[in-house]
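Structure below is run_23.txt: compact mmCIF, C-alpha atoms.
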```txt
# COMPACT_ATOMS: atom_id res chain seq x y z
CA MET A 1 -45.29 -13.02 13.18
CA ARG A 2 -46.64 -11.11 10.18
CA VAL A 3 -45.05 -7.92 11.44
CA HIS A 4 -41.70 -9.70 11.80
CA LEU A 5 -41.93 -11.03 8.26
CA LEU A 6 -42.86 -7.58 6.93
CA VAL A 7 -39.95 -5.89 8.72
CA SER A 8 -37.54 -8.59 7.52
CA GLY A 9 -38.86 -8.27 3.97
CA ILE A 10 -38.40 -4.48 3.93
CA PHE A 11 -34.87 -4.82 5.31
CA LEU A 12 -33.85 -7.48 2.80
CA SER A 13 -35.38 -5.50 -0.08
CA ALA A 14 -33.41 -2.47 1.00
CA LEU A 15 -30.23 -4.53 1.03
CA ALA A 16 -30.99 -5.91 -2.40
CA CYS A 17 -31.44 -2.38 -3.78
CA THR A 18 -28.15 -1.36 -2.23
CA ALA A 19 -26.30 -4.33 -3.64
CA ASN A 20 -27.64 -3.66 -7.13
CA ARG A 21 -24.83 -1.36 -8.08
CA SER A 22 -26.09 0.13 -11.29
CA ALA A 23 -25.15 -1.18 -14.65
CA ASP A 24 -25.67 2.08 -16.56
CA GLN A 25 -23.89 2.17 -19.89
CA GLY A 26 -23.22 -1.56 -19.52
CA GLY A 27 -20.51 -1.03 -16.91
CA THR A 28 -20.31 -0.94 -13.14
CA MET A 29 -20.59 2.64 -11.96
CA TYR A 30 -18.40 4.25 -9.28
CA GLY A 31 -18.91 7.64 -7.70
CA GLU A 32 -20.97 10.35 -9.35
CA THR A 33 -22.82 9.99 -12.62
CA ILE A 34 -20.75 10.70 -15.70
CA THR A 35 -21.94 13.93 -17.26
CA LEU A 36 -19.51 14.55 -20.13
CA ALA A 37 -20.10 12.99 -23.53
CA ASP A 38 -16.86 13.70 -25.37
CA THR A 39 -13.64 12.00 -24.37
CA THR A 40 -10.23 13.65 -24.30
CA ARG A 41 -7.27 11.49 -25.33
CA ILE A 42 -4.89 10.73 -22.47
CA SER A 43 -1.95 11.40 -24.78
CA GLU A 44 -3.36 14.88 -25.44
CA ILE A 45 -3.64 15.59 -21.69
CA LEU A 46 -0.09 14.39 -21.03
CA SER A 47 1.36 16.19 -24.07
CA HIS A 48 -0.19 19.54 -23.15
CA PRO A 49 -1.01 19.26 -19.46
CA GLY A 50 -0.99 23.01 -18.94
CA ASP A 51 -3.99 23.32 -21.23
CA HIS A 52 -6.00 20.87 -19.15
CA VAL A 53 -5.06 21.47 -15.51
CA GLY A 54 -8.20 22.36 -13.57
CA GLN A 55 -10.46 21.18 -16.38
CA ARG A 56 -13.09 18.48 -16.06
CA VAL A 57 -12.45 15.81 -18.69
CA LEU A 58 -13.66 12.36 -19.68
CA VAL A 59 -10.99 9.78 -20.50
CA THR A 60 -11.05 6.14 -21.45
CA GLY A 61 -8.53 3.33 -21.49
CA MET A 62 -7.62 -0.10 -20.16
CA VAL A 63 -7.16 -0.32 -16.39
CA VAL A 64 -3.55 -1.46 -16.00
CA ASP A 65 -3.15 -1.10 -12.24
CA VAL A 66 -5.28 -0.56 -9.12
CA CYS A 67 -4.41 0.33 -5.53
CA SER A 68 -4.43 -3.13 -3.97
CA LYS A 69 -5.23 -2.14 -0.39
CA ARG A 70 -7.73 0.70 -0.53
CA GLY A 71 -8.79 0.85 -4.17
CA CYS A 72 -8.05 4.59 -3.99
CA TRP A 73 -6.38 4.91 -7.39
CA LEU A 74 -6.14 3.23 -10.72
CA GLU A 75 -3.97 3.69 -13.76
CA LEU A 76 -5.38 3.91 -17.25
CA ALA A 77 -3.35 2.98 -20.32
CA SER A 78 -2.93 5.88 -22.68
CA ASP A 79 -3.69 5.71 -26.38
CA ARG A 80 0.09 6.20 -26.77
CA GLU A 81 2.61 3.43 -26.02
CA TYR A 82 4.26 3.11 -22.61
CA GLU A 83 2.12 5.85 -21.10
CA THR A 84 -0.45 5.83 -18.30
CA LEU A 85 -2.61 8.32 -16.45
CA ARG A 86 -3.24 7.88 -12.75
CA VAL A 87 -6.79 8.44 -11.51
CA LYS A 88 -6.85 9.30 -7.79
CA VAL A 89 -10.03 9.27 -5.76
CA ASP A 90 -10.70 10.22 -2.16
CA ASP A 91 -10.17 7.22 0.15
CA GLY A 92 -13.46 5.46 0.77
CA VAL A 93 -15.53 7.74 -1.43
CA ILE A 94 -14.85 5.62 -4.50
CA VAL A 95 -13.25 2.18 -4.15
CA PHE A 96 -11.94 0.51 -7.30
CA PRO A 97 -11.72 -3.31 -7.23
CA MET A 98 -8.48 -5.08 -8.10
CA THR A 99 -10.50 -7.20 -10.50
CA ALA A 100 -10.80 -4.14 -12.78
CA ARG A 101 -7.29 -4.75 -14.13
CA GLY A 102 -7.37 -5.54 -17.81
CA HIS A 103 -10.84 -4.08 -18.30
CA ARG A 104 -11.82 -0.89 -20.09
CA ALA A 105 -12.86 2.08 -17.99
CA VAL A 106 -14.34 5.49 -18.65
CA VAL A 107 -13.48 8.08 -16.02
CA GLU A 108 -14.58 11.65 -15.49
CA GLY A 109 -12.49 13.92 -13.34
CA VAL A 110 -10.42 17.05 -13.00
CA VAL A 111 -6.82 17.21 -14.24
CA GLU A 112 -4.41 18.03 -11.41
CA GLU A 113 -0.77 19.06 -11.34
CA LEU A 114 1.33 17.63 -8.52
CA GLU A 115 4.71 19.04 -7.61
CA LEU A 116 6.52 16.39 -5.61
CA THR A 117 9.73 16.87 -3.69
CA GLU A 118 12.48 14.26 -4.12
CA GLU A 119 11.48 12.73 -0.79
CA GLN A 120 7.83 12.50 -1.85
CA VAL A 121 8.86 10.89 -5.15
CA ARG A 122 10.96 8.37 -3.22
CA GLU A 123 8.15 7.59 -0.79
CA ARG A 124 5.67 7.15 -3.63
CA ALA A 125 8.01 4.88 -5.59
CA GLN A 126 8.78 2.82 -2.49
CA HIS A 127 5.10 2.46 -1.60
CA HIS A 128 4.28 1.46 -5.16
CA ALA A 129 7.08 -1.13 -5.21
CA GLU A 130 5.87 -2.59 -1.91
CA GLU A 131 2.33 -2.87 -3.22
CA GLN A 132 3.58 -4.64 -6.32
CA GLY A 133 5.79 -6.96 -4.30
CA LEU A 134 8.85 -5.58 -6.11
CA GLU A 135 12.22 -4.48 -4.81
CA PHE A 136 12.59 -0.71 -4.51
CA ASP A 137 15.63 0.75 -6.24
CA PRO A 138 16.36 4.23 -4.75
CA SER A 139 18.63 5.09 -7.70
CA THR A 140 15.54 5.36 -9.90
CA VAL A 141 14.61 8.56 -8.01
CA THR A 142 16.73 11.39 -9.34
CA GLY A 143 14.99 14.51 -8.08
CA PRO A 144 11.72 16.39 -7.63
CA GLU A 145 8.97 15.75 -10.18
CA THR A 146 5.94 17.45 -11.58
CA THR A 147 3.29 14.89 -12.41
CA TYR A 148 -0.28 15.04 -13.64
CA GLN A 149 -3.20 12.98 -12.51
CA LEU A 150 -6.94 12.93 -12.75
CA ARG A 151 -8.95 13.59 -9.60
CA GLY A 152 -11.69 11.04 -10.28
CA ILE A 153 -15.32 12.03 -9.81
CA GLY A 154 -17.20 9.23 -11.54
CA ALA A 155 -16.25 6.11 -13.45
CA ALA A 156 -17.67 3.17 -15.33
CA ILE A 157 -15.70 -0.07 -15.57
CA PHE A 158 -16.72 -2.55 -18.22
CA GLU A 159 -15.99 -6.00 -16.79
CA MET B 1 -47.45 5.58 41.75
CA SER B 2 -44.63 5.74 44.29
CA ALA B 3 -41.12 6.95 43.38
CA LYS B 4 -39.81 3.42 43.92
CA SER B 5 -42.39 1.96 41.60
CA LYS B 6 -41.67 4.65 38.95
CA THR B 7 -37.96 3.76 39.07
CA ALA B 8 -38.76 0.07 38.71
CA THR B 9 -40.96 0.74 35.66
CA TRP B 10 -38.32 3.00 34.11
CA ARG B 11 -35.58 0.43 34.65
CA LYS B 12 -37.76 -2.34 33.28
CA TRP B 13 -38.26 -0.49 29.99
CA ASN B 14 -34.58 0.49 29.90
CA ASN B 15 -33.65 -3.19 30.18
CA VAL B 16 -36.19 -4.28 27.59
CA LEU B 17 -34.81 -1.68 25.17
CA HIS B 18 -31.23 -2.74 25.93
CA ARG B 19 -32.04 -6.44 25.48
CA ASP B 20 -33.95 -6.12 22.19
CA LEU B 21 -31.53 -3.62 20.63
CA GLY B 22 -28.74 -6.00 21.64
CA TYR B 23 -30.42 -8.83 19.76
CA LEU B 24 -30.95 -6.60 16.71
CA CYS B 25 -27.39 -5.31 16.66
CA ALA B 26 -25.60 -8.60 17.38
CA GLY B 27 -25.23 -9.73 13.76
CA LEU B 28 -23.93 -6.46 12.39
CA THR B 29 -21.66 -6.02 15.42
CA VAL B 30 -19.93 -9.30 14.59
CA VAL B 31 -19.49 -8.10 10.99
CA TYR B 32 -17.97 -4.83 12.22
CA VAL B 33 -15.71 -6.62 14.73
CA VAL B 34 -14.28 -8.91 12.06
CA SER B 35 -13.86 -6.12 9.53
CA GLY B 36 -12.56 -3.67 12.13
CA ILE B 37 -9.69 -5.94 13.14
CA ALA B 38 -8.97 -6.77 9.49
CA VAL B 39 -8.71 -3.16 8.31
CA ASN B 40 -6.85 -2.02 11.44
CA HIS B 41 -3.89 -4.02 10.13
CA VAL B 42 -4.09 -2.88 6.51
CA ALA B 43 -0.43 -1.81 6.68
CA ASP B 44 0.61 -5.42 7.27
CA TRP B 45 -1.70 -7.35 4.99
CA ASN B 46 -4.43 -6.96 2.39
CA PRO B 47 -7.80 -7.39 4.11
CA ASN B 48 -9.77 -7.66 0.86
CA TYR B 49 -7.68 -9.78 -1.47
CA ALA B 50 -5.42 -12.81 -1.16
CA ILE B 51 -2.50 -12.14 -3.51
CA GLU B 52 -0.23 -14.96 -4.58
CA ARG B 53 3.00 -14.16 -6.42
CA ARG B 54 5.37 -16.55 -8.13
CA SER B 55 8.12 -16.42 -10.70
CA VAL B 56 8.44 -18.42 -13.89
CA THR B 57 11.28 -18.53 -16.40
CA ILE B 58 10.35 -17.77 -19.97
CA SER B 59 12.14 -17.65 -23.34
CA PRO B 60 12.55 -14.43 -25.34
CA VAL B 61 9.26 -13.31 -26.87
CA ALA B 62 9.06 -13.47 -30.66
CA GLY B 63 6.52 -11.50 -32.70
CA ASP B 64 4.32 -8.52 -31.84
CA PRO B 65 3.84 -8.86 -28.07
CA LEU B 66 0.45 -7.13 -28.12
CA THR B 67 -1.02 -9.78 -30.42
CA PRO B 68 -3.42 -12.05 -28.49
CA ASN B 69 -1.84 -15.17 -30.01
CA VAL B 70 1.57 -14.18 -28.70
CA ALA B 71 0.15 -13.49 -25.23
CA VAL B 72 -1.64 -16.85 -25.18
CA GLY B 73 1.60 -18.55 -26.27
CA ILE B 74 3.49 -16.89 -23.41
CA LEU B 75 0.85 -17.97 -20.89
CA GLU B 76 0.94 -21.57 -22.14
CA ALA B 77 4.73 -21.67 -22.05
CA ALA B 78 4.69 -20.25 -18.52
CA GLY B 79 2.02 -22.71 -17.39
CA VAL B 80 -0.35 -19.91 -16.37
CA GLU B 81 -4.05 -20.65 -16.66
CA GLY B 82 -6.77 -18.03 -17.04
CA GLU B 83 -8.80 -16.35 -19.73
CA LEU B 84 -6.87 -13.61 -21.56
CA ARG B 85 -8.32 -10.12 -21.02
CA GLY B 86 -5.72 -8.01 -22.75
CA SER B 87 -2.16 -6.81 -22.60
CA PHE B 88 -0.20 -3.61 -22.16
CA ARG B 89 3.40 -2.48 -22.51
CA PRO B 90 4.46 -0.32 -19.53
CA ASN B 91 7.88 0.15 -21.16
CA PRO B 92 9.73 -1.11 -24.25
CA ASP B 93 11.17 -4.09 -22.36
CA THR B 94 8.07 -5.42 -20.62
CA LEU B 95 4.69 -6.86 -21.50
CA ARG B 96 1.94 -6.99 -18.90
CA ILE B 97 -0.66 -9.66 -19.66
CA PHE B 98 -4.04 -9.49 -17.94
CA ILE B 99 -5.89 -12.73 -17.35
CA GLU B 100 -9.01 -13.54 -15.36
CA GLY B 101 -7.88 -13.20 -11.75
CA GLY B 102 -4.35 -12.05 -12.33
CA THR B 103 -1.52 -10.42 -14.23
CA VAL B 104 1.78 -11.59 -15.65
CA ASN B 105 4.72 -9.21 -16.09
CA VAL B 106 6.89 -10.57 -18.87
CA PRO B 107 10.43 -9.43 -19.78
CA LEU B 108 10.37 -9.45 -23.58
CA ALA B 109 14.03 -10.48 -23.73
CA GLY B 110 13.23 -13.57 -21.69
CA GLY B 111 14.09 -14.36 -18.10
CA THR B 112 11.94 -14.23 -14.99
CA ALA B 113 8.26 -13.41 -15.43
CA GLU B 114 6.25 -12.42 -12.35
CA VAL B 115 2.82 -13.99 -12.01
CA GLU B 116 0.36 -12.36 -9.61
CA MET B 117 -2.96 -14.07 -8.92
CA VAL B 118 -5.62 -12.19 -6.97
CA ARG B 119 -8.56 -13.75 -5.17
CA GLU B 120 -11.21 -11.94 -3.14
CA ARG B 121 -11.33 -12.97 0.52
CA ALA B 122 -15.01 -13.92 0.39
CA VAL B 123 -16.15 -13.20 3.96
CA LEU B 124 -13.75 -10.36 4.73
CA HIS B 125 -14.34 -8.61 1.43
CA ALA B 126 -18.09 -8.62 2.08
CA ALA B 127 -17.64 -7.51 5.72
CA ASN B 128 -15.30 -4.67 4.70
CA PHE B 129 -17.68 -3.69 1.92
CA LEU B 130 -20.39 -3.05 4.50
CA HIS B 131 -18.21 -1.76 7.34
CA LEU B 132 -16.44 0.84 5.18
CA ASN B 133 -19.77 1.82 3.58
CA HIS B 134 -18.72 1.09 0.03
CA PRO B 135 -22.33 0.54 -1.09
CA LYS B 136 -23.29 4.11 -0.06
CA LYS B 137 -26.97 4.80 -0.93
CA LEU B 138 -29.46 3.13 1.42
CA TRP B 139 -26.74 1.34 3.36
CA THR B 140 -25.59 4.72 4.70
CA TRP B 141 -28.93 4.99 6.50
CA VAL B 142 -28.76 1.44 7.81
CA ALA B 143 -25.25 2.10 9.15
CA ASP B 144 -26.33 5.42 10.71
CA ILE B 145 -29.27 3.76 12.44
CA TYR B 146 -26.96 0.98 13.64
CA ALA B 147 -24.52 3.56 15.03
CA LEU B 148 -27.34 5.33 16.87
CA ALA B 149 -28.55 1.99 18.18
CA LEU B 150 -25.06 1.30 19.56
CA GLY B 151 -25.21 4.66 21.33
CA VAL B 152 -28.55 3.76 22.88
CA LEU B 153 -27.15 0.35 23.85
CA ALA B 154 -24.23 2.04 25.59
CA VAL B 155 -26.43 4.44 27.53
CA THR B 156 -29.09 1.90 28.48
CA GLY B 157 -26.31 -0.51 29.44
CA LEU B 158 -25.21 1.93 32.14
CA PHE B 159 -28.55 1.54 33.92
CA VAL B 160 -29.28 -2.18 33.59
CA LEU B 161 -28.19 -2.97 37.12
CA LYS B 162 -28.77 -1.06 40.30
CA GLY B 163 -26.87 -1.22 43.54
CA LYS B 164 -23.14 -1.60 44.11
CA LYS B 165 -22.56 -3.31 40.74
CA GLY B 166 -24.54 -0.63 38.92
CA ILE B 167 -23.64 2.85 37.73
CA THR B 168 -23.47 4.17 41.28
CA GLY B 169 -20.81 1.61 42.26
CA ARG B 170 -18.50 -0.59 40.24
CA GLY B 171 -20.15 0.60 36.99
CA ALA B 172 -19.04 4.19 37.62
CA TRP B 173 -15.39 3.17 37.91
CA LEU B 174 -15.43 0.99 34.81
CA SER B 175 -17.30 3.61 32.79
CA ALA B 176 -14.82 6.29 33.85
CA LEU B 177 -11.94 3.99 32.84
CA GLY B 178 -13.53 3.55 29.43
CA VAL B 179 -13.72 7.32 28.97
CA VAL B 180 -10.14 7.88 30.17
CA VAL B 181 -8.52 5.32 27.80
CA PRO B 182 -8.96 7.33 24.56
CA PHE B 183 -7.77 10.50 26.31
CA VAL B 184 -4.60 8.74 27.45
CA PHE B 185 -3.82 7.77 23.85
CA LEU B 186 -4.63 11.27 22.60
CA TRP B 187 -2.20 12.61 25.20
CA LEU B 188 0.42 10.07 24.10
CA TYR B 189 0.15 10.57 20.36
CA LEU B 190 -0.94 14.17 19.79
```
Conversion result in structure tokens:
Amino acid sequence: MRVHLLVSGIFLSALACTANRSADQGGTMYGETITLADTTRISEILSHPGDHVGQRVLVTGMVVDVCSKRGCWLELASDREYETLRVKVDDGVIVFPMTARGHRAVVEGVVEELELTEEQVRERAQHHAEEQGLEFDPSTVTGPETTYQLRGIGAAIFE
Amino acid sequence: MSAKSKTATWRKWNNVLHRDLGYLCAGLTVVYVVSGIAVNHVADWNPNYAIERRSVTISPVAGDPLTPNVAVGILEAAGVEGELRGSFRPNPDTLRIFIEGGTVNVPLAGGTAEVEMVRERAVLHAANFLHLNHPKKLWTWVADIYALALGVLAVTGLFVLKGKKGITGRGAWLSALGVVVPFVFLWLYL
């Protein structure tokens, strides 16, 4: 009986440790530990993307959207009006919760350039519209696009 | 010890191992079954969150839309309850208001605002959290051990019975069928 209790206790303790997702920096941590101290403004990255592609940066902003099904991306509001930066993470490696919307996040990652064909732009827009429960308007896609995103490595969300 | 007796002892321990591992794995297997079916159909529904969308008609927005007072006024007029978290303008014509548990997309010129309320599916969210190894860390080891235990269960299960219902009879045919099924689908889809 004692052995059973001991084994159960160890198992439950292990689970408790696992569930205690760290609260470093006052936020819930996702992925790897944030190593950079200085933030780069999102507006700066999007104004001069060529200067930042391939660089590891730390950005901050309000989470304005999250992938609803897999939590595999989020969008951060820029410090400039009407502008956002998408943070993409590998499926399952980091999973952002939908409840992060409206909260501030700090994200470290590498700036990427994506060259999308017109078909890829259409597919992405259609997928996004479906996720949002909105009607997809194909006329909004006018041609191939070059976009920039952050390949997320680690993040803290302050809920 | 005779060969017959050795076989009996071997099978006895095989069955003990199969039985006790089965007991140990039953709980987590149910979790994985529920989550497995749920995430298999992720294209058709959201296995983690229940999302409710509705439309409300609102008047044109007066004042600076990013001011909390204005956002609260819009929420009250739209009959949307929830603590205000913040707001954002995705474009010059729209205001997105974040509240606890949802968002409201508001056309600043007035018209139809879209309210989206999100609620975690309590049991499924927890099951998916474990099944898809979102916790990482120590849970990775627990899940690995569980996977190995399932392997041992499968192998010991082959030898539970002897005779014509065991692995030398009916069991051989059913086991072979189980191996063939994935190959048929690989042949079909690859």
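Using all atoms listed in the file, the shortest contact distance between chain B and any of A:Val110, A:Val87, A:Met62, A:Ala156 is found at A:Met62.
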Give me the chain B side of the contact with chain A, cut-off 7 Å, one line per residue showing its nearest atom pair and distance in Å at one decimal, counting only C-alpha atoms, sorted by chain and residue number, as a Markdown table.
```
| residue | atom | partner | partner_atom | distance |
| --- | --- | --- | --- | --- |
| B:Asn46 | CA | A:Lys69 | CA | 5.6 |
| B:Arg85 | CA | A:Gly102 | CA | 5.7 |
| B:Gly86 | CA | A:Gly102 | CA | 5.8 |
| B:Arg89 | CA | A:Tyr82 | CA | 5.7 |
| B:Pro90 | CA | A:Tyr82 | CA | 4.6 |
| B:Asn91 | CA | A:Tyr82 | CA | 4.9 |
| B:Phe98 | CA | A:Gly102 | CA | 5.2 |
| B:Gly101 | CA | A:Thr99 | CA | 6.7 |
| B:His134 | CA | A:Gly92 | CA | 6.9 |
| B:Pro135 | CA | A:Thr18 | CA | 6.2 |
| B:Lys137 | CA | A:Thr18 | CA | 6.4 |
| B:Leu138 | CA | A:Thr18 | CA | 5.9 |
| B:Trp139 | CA | A:Thr18 | CA | 6.4 |
```
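The gap separating atom CA of B:Gly27 from atom CA of B:Ala147 is 13.4 Å, in Å to one decimal.
Computed from the coordinates, the atom CA of A:Thr117 to atom CA of A:Gln55 distance equals 24.2 Å.
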Using Å and a single decimal, report how far atom CA of B:Val104 sits from atom CA of B:Gly63. 17.7 Å
With a distance cut-off of 12 Å and only C-alpha atoms, select the neighbouring residues of B:Ala172, excluding the residue or stretch itself and same-chain residues fewer than 3 positions from it, and output the selection as a PyMOL selection string. chain B and resi 157-159+161-169+175-179
Between B:Asn48, B:Ser55, B:Thr103, B:Asn15, which residue has the minimum interatomic distance to B:Ala71, considering only C-alpha atoms?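 Using only C-alpha atoms, the shortest distance to B:Ala71 belongs to B:Thr103.
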Name the residues in contact with B:Leu124 at a cut-off of 10 Å, using all atoms listed in the file, excluding same-chain residues fewer than 6 positions from it; report them as a ChimeraX atom specification. /B:31,34-35,38-39,47-49,130
